[in-house]
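Asker: Got a structure here, written out as structure tokens. Questions coming.
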Amino acid sequence: MDPNDLAKAFVEHYYSTFDSNRAGLGNLYQEGSMLTFEGIKTQGSQNIVAKLTSLPFQQCHHTITTIDCQHSGPAGGMIVVVSGNLQLAGEQHALKFGQMFHLMPTPQGSFYVFNDIFRLNYG
């Protein structure tokens, strides 16, 4: 599969799941996975899902502006960088965000999120 198509498919799946059922993101992470969300580090699939489901908003909608990707190392990984807007329920203005995913291949032929860094963009 073309890397750009793979990145686009991953991003569509990730954000549609985040917006509708954050707990469903657990199968995208493994125990060695690391999330840095606004500077706070969390490791492991269960801990990452706990962090994401405890965010101070229940409903949101992501609109993606850009998706960039590159192959990462000889193990077949991929880096995906996303920018976009995050609309929280009841808020008039959307927040701008950037997110980076380091995807690693699984023996089954799919990918999991090894690293995930999220940051709101102020200014």
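Residue numbers start at 1 in each chain; chains themselves are named A, B, ... in the order of the structure tokens; ligands are numbered from 1 in the order shown.
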Env of region 99-113 of chain A: 7 Å cut, atoms = only C-alpha atoms, seq-sep filter 3 positions within chain, self excluded. Answer as a ChimeraX atom specification.

Answerer: /A:28-29,33,76-83,116-119

Asker: As an MDAnalysis selection string, which residues of chain A does DSSP assign to alpha helix (DSSP H)?

Answerer: chainID A and resid 3:20 45:53

Asker: Rounded to one decimal in Å, what is the spacing between CA of His71 (chain A) and CA of Ser45 (chain A)?

Answerer: 23.4 Å

Asker: Smallest atom-to-atom distance to Leu55 (chain A): which of A:Glu12, A:Ala75, A:Gly32, A:Phe37, using only C-alpha atoms?

Answerer: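 Closest to Leu55 (chain A) of all the choices is A:Phe37.
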
Asker: If we count only C-alpha atoms, what is near Asn21 (chain A) at a cut-off of 12 Å, once residues fewer than 2 positions away on the same chain are taken out, given as a PyMOL selection string?

Answerer: chain A and resi 13-19+23-26+49+52-53+58-61

Asker: One decimal, Å: what's the distance from CA of Phe10 (chain A) over to CA of Leu35 (chain A), could you say?

Answerer: 16.6 Å

Asker: Would you please give, as a ChimeraX atom specification, all residues of region 14-115 of chain A that DSSP assigns to strand (DSSP E or B) based on the backbone?

Answerer: /A:29-37,40-43,60-72,77-88,95-105,111-115

Asker: Would you mind reading off the distance between CA of Gln87 (chain A) and CA of Ala7 (chain A), one decimal, in Å?

Answerer: 22.2 Å
